[in-house]
Structures are given as C-alpha cells and as structure tokens.
$ cat final.txt   # compact mmCIF, C-alpha atoms
# COMPACT_ATOMS: atom_id res chain seq x y z
CA MET A 11 49.43 122.58 84.08
CA LYS A 12 46.49 124.99 84.23
CA LYS A 13 46.47 127.77 81.63
CA VAL A 14 45.61 131.26 82.88
CA ILE A 15 45.28 134.50 80.92
CA LEU A 16 46.37 137.64 82.81
CA TYR A 17 45.66 141.13 81.50
CA THR A 18 47.33 144.00 83.38
CA ASP A 19 47.68 147.76 83.35
CA GLY A 20 49.11 150.51 85.52
CA ALA A 21 48.30 154.21 85.73
CA CYS A 22 49.74 157.20 87.51
CA SER A 23 48.39 160.68 88.20
CA GLY A 24 51.68 162.51 87.97
CA ASN A 25 54.87 160.51 87.59
CA PRO A 26 55.59 160.19 90.47
CA GLY A 27 52.15 160.60 91.97
CA ILE A 28 49.16 158.56 93.07
CA GLY A 29 49.26 155.34 91.10
CA GLY A 30 46.84 152.54 90.42
CA TRP A 31 46.98 149.09 88.90
CA GLY A 32 44.39 146.71 87.54
CA ALA A 33 44.41 143.07 86.47
CA VAL A 34 41.98 140.55 85.04
CA LEU A 35 42.65 136.84 85.42
CA GLN A 36 40.82 134.36 83.20
CA TYR A 37 40.64 130.59 83.68
CA LYS A 38 38.18 128.22 81.99
CA GLY A 39 35.60 130.95 81.42
CA ALA A 40 35.85 132.32 84.97
CA GLU A 41 37.15 135.84 85.51
CA LYS A 42 38.63 137.65 88.50
CA ARG A 43 39.24 141.43 88.55
CA ILE A 44 41.62 143.01 91.05
CA SER A 45 43.04 146.49 91.56
CA GLY A 46 44.83 148.72 94.02
CA ALA A 47 46.60 152.03 94.46
CA GLU A 48 49.63 153.64 96.13
CA ALA A 49 50.20 157.18 97.34
CA SER A 50 53.51 158.02 95.70
CA THR A 51 54.71 155.87 92.85
CA THR A 52 55.45 155.74 89.12
CA ASN A 53 53.69 154.33 86.09
CA ASN A 54 56.34 151.63 85.64
CA ARG A 55 55.98 150.51 89.26
CA MET A 56 52.21 150.21 88.79
CA GLU A 57 52.64 148.22 85.56
CA MET A 58 54.90 145.82 87.46
CA THR A 59 52.63 145.68 90.51
CA ALA A 60 49.67 144.68 88.34
CA VAL A 61 51.57 141.64 87.07
CA ILE A 62 52.87 140.77 90.56
CA GLU A 63 49.42 140.98 92.16
CA GLY A 64 47.86 138.95 89.35
CA LEU A 65 50.47 136.19 89.72
CA LYS A 66 50.05 136.20 93.50
CA CYS A 67 46.40 135.17 92.99
CA LEU A 68 47.48 131.82 91.54
CA LYS A 69 47.34 128.98 94.07
CA GLU A 70 49.56 126.56 92.13
CA PRO A 71 52.08 126.63 89.26
CA CYS A 72 50.34 127.64 86.04
CA GLU A 73 51.03 128.37 82.41
CA VAL A 74 50.34 132.11 82.22
CA GLU A 75 49.89 134.39 79.23
CA VAL A 76 50.44 137.98 80.41
CA TYR A 77 49.05 140.76 78.22
CA SER A 78 50.35 144.26 78.96
CA ASP A 79 50.61 147.58 77.13
CA SER A 80 53.91 148.25 78.94
CA ALA A 81 56.90 147.82 76.65
CA TYR A 82 59.03 148.12 79.83
CA MET A 83 57.45 144.96 81.28
CA VAL A 84 57.08 142.92 78.12
CA ASN A 85 60.53 143.67 76.70
CA ALA A 86 62.28 143.04 80.02
CA PHE A 87 61.07 139.44 79.94
CA SER A 88 60.74 138.77 76.19
CA ASN A 89 64.24 140.10 75.45
CA GLY A 90 65.82 138.46 78.50
CA TRP A 91 66.84 141.75 80.10
CA VAL A 92 65.67 140.62 83.56
CA ASN A 93 68.02 137.65 83.43
CA GLU A 94 70.93 139.91 82.49
CA TRP A 95 70.03 142.35 85.27
CA GLU A 96 69.87 139.52 87.79
CA ALA A 97 73.22 138.13 86.60
CA ASN A 98 74.74 141.62 86.96
CA GLY A 99 73.47 142.06 90.53
CA PHE A 100 70.59 144.25 89.31
CA LYS A 101 72.94 146.81 87.83
CA LYS A 102 72.44 148.36 84.42
CA MET A 103 75.07 148.28 81.67
CA ASP A 104 76.52 151.52 83.07
CA HIS A 105 76.84 149.76 86.48
CA LYS A 106 74.23 152.04 88.07
CA PRO A 107 71.53 150.43 90.23
CA LEU A 108 68.44 149.23 88.41
CA MET A 109 65.25 151.12 89.21
CA ASN A 110 62.55 149.05 90.95
CA GLU A 111 64.97 146.30 91.91
CA GLU A 112 62.70 144.88 94.63
CA LEU A 113 59.82 144.56 92.16
CA TRP A 114 62.03 142.87 89.55
CA ARG A 115 63.22 140.44 92.23
CA GLU A 116 59.62 139.66 93.20
CA LEU A 117 58.62 139.19 89.56
CA LEU A 118 61.54 136.83 88.95
CA SER A 119 60.61 134.86 92.06
CA LEU A 120 57.02 134.49 90.82
CA ALA A 121 58.19 133.72 87.28
CA ALA A 122 60.24 130.82 88.68
CA VAL A 123 57.00 129.21 89.90
CA HIS A 124 54.99 129.65 86.70
CA LYS A 125 55.60 129.23 82.99
CA ILE A 126 55.01 132.77 81.74
CA LYS A 127 54.82 134.29 78.27
CA PHE A 128 54.47 138.05 77.84
CA PHE A 129 52.53 139.70 75.02
CA LYS A 130 52.48 143.40 74.16
CA VAL A 131 49.09 144.93 73.41
CA LYS A 132 48.37 148.42 72.17
CA GLY A 133 47.21 150.63 75.03
CA HIS A 134 44.06 152.73 74.88
CA ALA A 135 42.98 150.94 71.70
CA ASP A 136 40.56 148.15 70.88
CA ASN A 137 41.73 145.45 73.30
CA GLU A 138 38.69 144.97 75.53
CA TYR A 139 40.58 143.57 78.52
CA ASN A 140 43.38 146.12 78.35
CA ASN A 141 40.68 148.79 78.48
CA ILE A 142 39.05 147.06 81.48
CA CYS A 143 42.42 146.97 83.27
CA ASP A 144 43.01 150.62 82.44
CA LYS A 145 39.64 151.50 83.99
CA LEU A 146 40.40 149.40 87.08
CA ALA A 147 43.74 151.22 87.46
CA THR A 148 42.41 154.74 86.86
CA ASP A 149 39.41 154.10 89.15
CA ALA A 150 41.83 152.94 91.86
CA VAL A 151 43.67 156.27 91.50
CA LYS A 152 40.42 158.28 91.64
CA ASN A 153 39.17 156.37 94.70
CA PHE A 154 42.50 156.35 96.56
CA LYS A 155 42.25 157.40 100.19
CA PRO A 156 45.56 157.87 102.05
CA GLU A 157 45.75 155.86 105.27

$ encode --input "final.txt" --output "structure tokens"
Amino acid sequence: MKKVILYTDGACSGNPGIGGWGAVLQYKGAEKRISGAEASTTNNRMEMTAVIEGLKCLKEPCEVEVYSDSAYMVNAFSNGWVNEWEANGFKKMDHKPLMNEELWRELLSLAAVHKIKFFKVKGHADNEYNNICDKLATDAVKNFKPE
C-alpha cells in the first residue's frame, strides 16, 4: 500500500464568513498543493474540507498520515468520536444533530477506502507544511471571487 503524507489547514474570515482550505500531499518526494474557498462557511468546515479534498486526490487505497492543527478533526478520529456519532445516527450525546453531518459522512466514506492516521500539529508555529497550508487557505480567502 502506498504511503502518502497529507498536511491540511482551514481558515475563515469571520466565522461564518468566506473560508479557505489548503492541503499538501507528499508521495515519494513528489508534492501536490491544492486549495479552494467558499462564500459562507466556518473554520471547522474548512478544516474538514481540506482533508476531504486531499483524500479525493488519491487514485487508489493508500496509507495516509494526516497532519492538522485542528483538534476538532484530529480528536474526532483519534478518539473514535466519529464512530460513535455514526452509530448514534450522527446525533450528539444530548441527541441534537451533529454539525457538519454531510462532511463527517464524506470523511468516513473516504476513511473506509484508506488506512488513515491523524496527527495534531501546533498551528502558526514552526511546522513548515502547516504554515504552507495556512498560506494556501488564507490566500484562497483573499482571492475568493463569488460566482
């Protein structure tokens, strides 16, 4: 199974507001950078979208190390919360609907194809690729043009 490194980040100007995401995929010394933006979204949605879009770039099942500064993303997978949410029909412990259900469903669908491990990195610090992803995301926000 091919091993891929995926760095991701999301950004939002206002929360909600214009949001951007950035991702860097690495495989055998090759690197691919991707980014995008949405008109009205949240930071958490952009963090999730960065991972989704990165995983969508993979053409076959891979072993993927995902590096994110989003505790929301990393903890949801590392602590098994997503599995509990799915088992509970995407309801929280208080039985209220889970925010971003469609994105969690898409992430779980992609996670079923790949072997994924999530790693938390400190944001806006000395992680070179987290900083690159942050710039991709914030540039996507700056350059966003509504359709």

$ atom_distance --input "final.txt" --atom1 "CA of Ala121 (chain A)" --atom2 "CA of Pro26 (chain A)"
26.8 Å

$ closest_residue --input "final.txt" --among "A:Ala21, A:Val76, A:Val123, A:Met103" --to "Arg55 (chain A)" --atoms "all atoms listed in the file"
A:Ala21

$ residues_near_point --input "final.txt" --point "(37.8, 134.1, 84.5)" --cutoff "12 Å" --atoms "all atoms listed in the file" --output "list in words"
Lys13, Val14, Ile15, Leu16, Tyr17, Ala33, Val34, Leu35, Gln36, Tyr37, Lys38, Gly39, Ala40, Glu41, Lys42, Arg43, Ile44 and Tyr139 of chain A

$ closest_residue --input "final.txt" --among "A:Tyr82, A:Glu157, A:Ala147, A:Phe129" --to "Ala47 (chain A)" --atoms "all atoms listed in the file"
A:Ala147

$ closest_residue --input "final.txt" --among "A:Leu146, A:Val84, A:Val131, A:Val74" --to "Lys12 (chain A)" --atoms "only C-alpha atoms"
A:Val74

$ closest_residue --input "final.txt" --among "A:Ser78, A:Phe128, A:Asp19, A:Met83" --to "Leu113 (chain A)" --atoms "only C-alpha atoms"
A:Met83

$ atom_distance --input "final.txt" --atom1 "CA of Ser45 (chain A)" --atom2 "CA of Lys125 (chain A)"
23.0 Å

$ axis_aligned_box --input "final.txt" --around "region 81-84 of chain A" --padding-each-side "5 Å" --output "AutoDock Vina command-line options"
--center_x 58.0 --center_y 145.5 --center_z 79.0 --size_x 12.1 --size_y 15.2 --size_z 14.6

$ decode --input "final.txt" --residues "region 87-143 of chain A" --atoms "C-alpha atoms" --output "mmCIF file, in the first residue's frame"
data_model
loop_
_atom_site.group_PDB
_atom_site.id
_atom_site.type_symbol
_atom_site.label_atom_id
_atom_site.label_comp_id
_atom_site.auth_asym_id
_atom_site.auth_seq_id
_atom_site.Cartn_x
_atom_site.Cartn_y
_atom_site.Cartn_z
ATOM 1 C CA PHE A 87 -10.859 10.352 14.551
ATOM 2 C CA SER A 88 -8.136 9.623 17.133
ATOM 3 C CA ASN A 89 -10.643 9.360 19.997
ATOM 4 C CA GLY A 90 -13.208 7.425 17.947
ATOM 5 C CA TRP A 91 -15.873 10.123 18.214
ATOM 6 C CA VAL A 92 -16.802 9.796 14.524
ATOM 7 C CA ASN A 93 -17.617 6.131 15.007
ATOM 8 C CA GLU A 94 -19.833 6.939 17.984
ATOM 9 C CA TRP A 95 -21.561 9.724 16.035
ATOM 10 C CA GLU A 96 -22.178 7.378 13.117
ATOM 11 C CA ALA A 97 -23.529 4.664 15.440
ATOM 12 C CA ASN A 98 -25.863 7.246 17.019
ATOM 13 C CA GLY A 99 -27.233 8.413 13.658
ATOM 14 C CA PHE A 100 -24.980 11.492 13.719
ATOM 15 C CA LYS A 101 -26.546 12.767 16.915
ATOM 16 C CA LYS A 102 -24.531 14.156 19.796
ATOM 17 C CA MET A 103 -24.771 12.825 23.354
ATOM 18 C CA ASP A 104 -27.614 15.284 24.003
ATOM 19 C CA HIS A 105 -29.438 13.782 20.958
ATOM 20 C CA LYS A 106 -29.131 17.027 18.980
ATOM 21 C CA PRO A 107 -27.997 16.801 15.347
ATOM 22 C CA LEU A 108 -24.265 16.848 14.760
ATOM 23 C CA MET A 109 -22.935 19.923 12.972
ATOM 24 C CA ASN A 110 -21.416 19.249 9.536
ATOM 25 C CA GLU A 111 -23.009 15.819 9.255
ATOM 26 C CA GLU A 112 -22.594 15.633 5.467
ATOM 27 C CA LEU A 113 -18.860 16.346 5.767
ATOM 28 C CA TRP A 114 -18.415 13.736 8.513
ATOM 29 C CA ARG A 115 -20.238 11.215 6.316
ATOM 30 C CA GLU A 116 -17.956 12.030 3.384
ATOM 31 C CA LEU A 117 -14.864 11.768 5.573
ATOM 32 C CA LEU A 118 -15.970 8.386 6.920
ATOM 33 C CA SER A 119 -16.623 7.180 3.383
ATOM 34 C CA LEU A 120 -13.114 8.226 2.317
ATOM 35 C CA ALA A 121 -11.595 6.804 5.512
ATOM 36 C CA ALA A 122 -13.139 3.427 4.644
ATOM 37 C CA VAL A 123 -11.028 3.354 1.458
ATOM 38 C CA HIS A 124 -7.717 4.361 3.026
ATOM 39 C CA LYS A 125 -5.773 3.476 6.158
ATOM 40 C CA ILE A 126 -5.585 6.866 7.880
ATOM 41 C CA LYS A 127 -3.756 8.084 10.973
ATOM 42 C CA PHE A 128 -4.305 11.625 12.244
ATOM 43 C CA PHE A 129 -1.622 13.731 13.913
ATOM 44 C CA LYS A 130 -2.108 17.064 15.666
ATOM 45 C CA VAL A 131 0.423 19.786 14.892
ATOM 46 C CA LYS A 132 0.719 23.173 16.528
ATOM 47 C CA GLY A 133 -0.802 25.856 14.309
ATOM 48 C CA HIS A 134 1.018 29.034 13.352
ATOM 49 C CA ALA A 135 4.268 27.634 14.747
ATOM 50 C CA ASP A 136 7.353 26.016 13.257
ATOM 51 C CA ASN A 137 5.772 23.244 11.181
ATOM 52 C CA GLU A 138 6.789 24.198 7.637
ATOM 53 C CA TYR A 139 3.966 22.353 5.889
ATOM 54 C CA ASN A 140 1.273 23.523 8.282
ATOM 55 C CA ASN A 141 2.432 27.064 7.520
ATOM 56 C CA ILE A 142 2.290 26.355 3.764
ATOM 57 C CA CYS A 143 -1.265 25.017 4.146
#
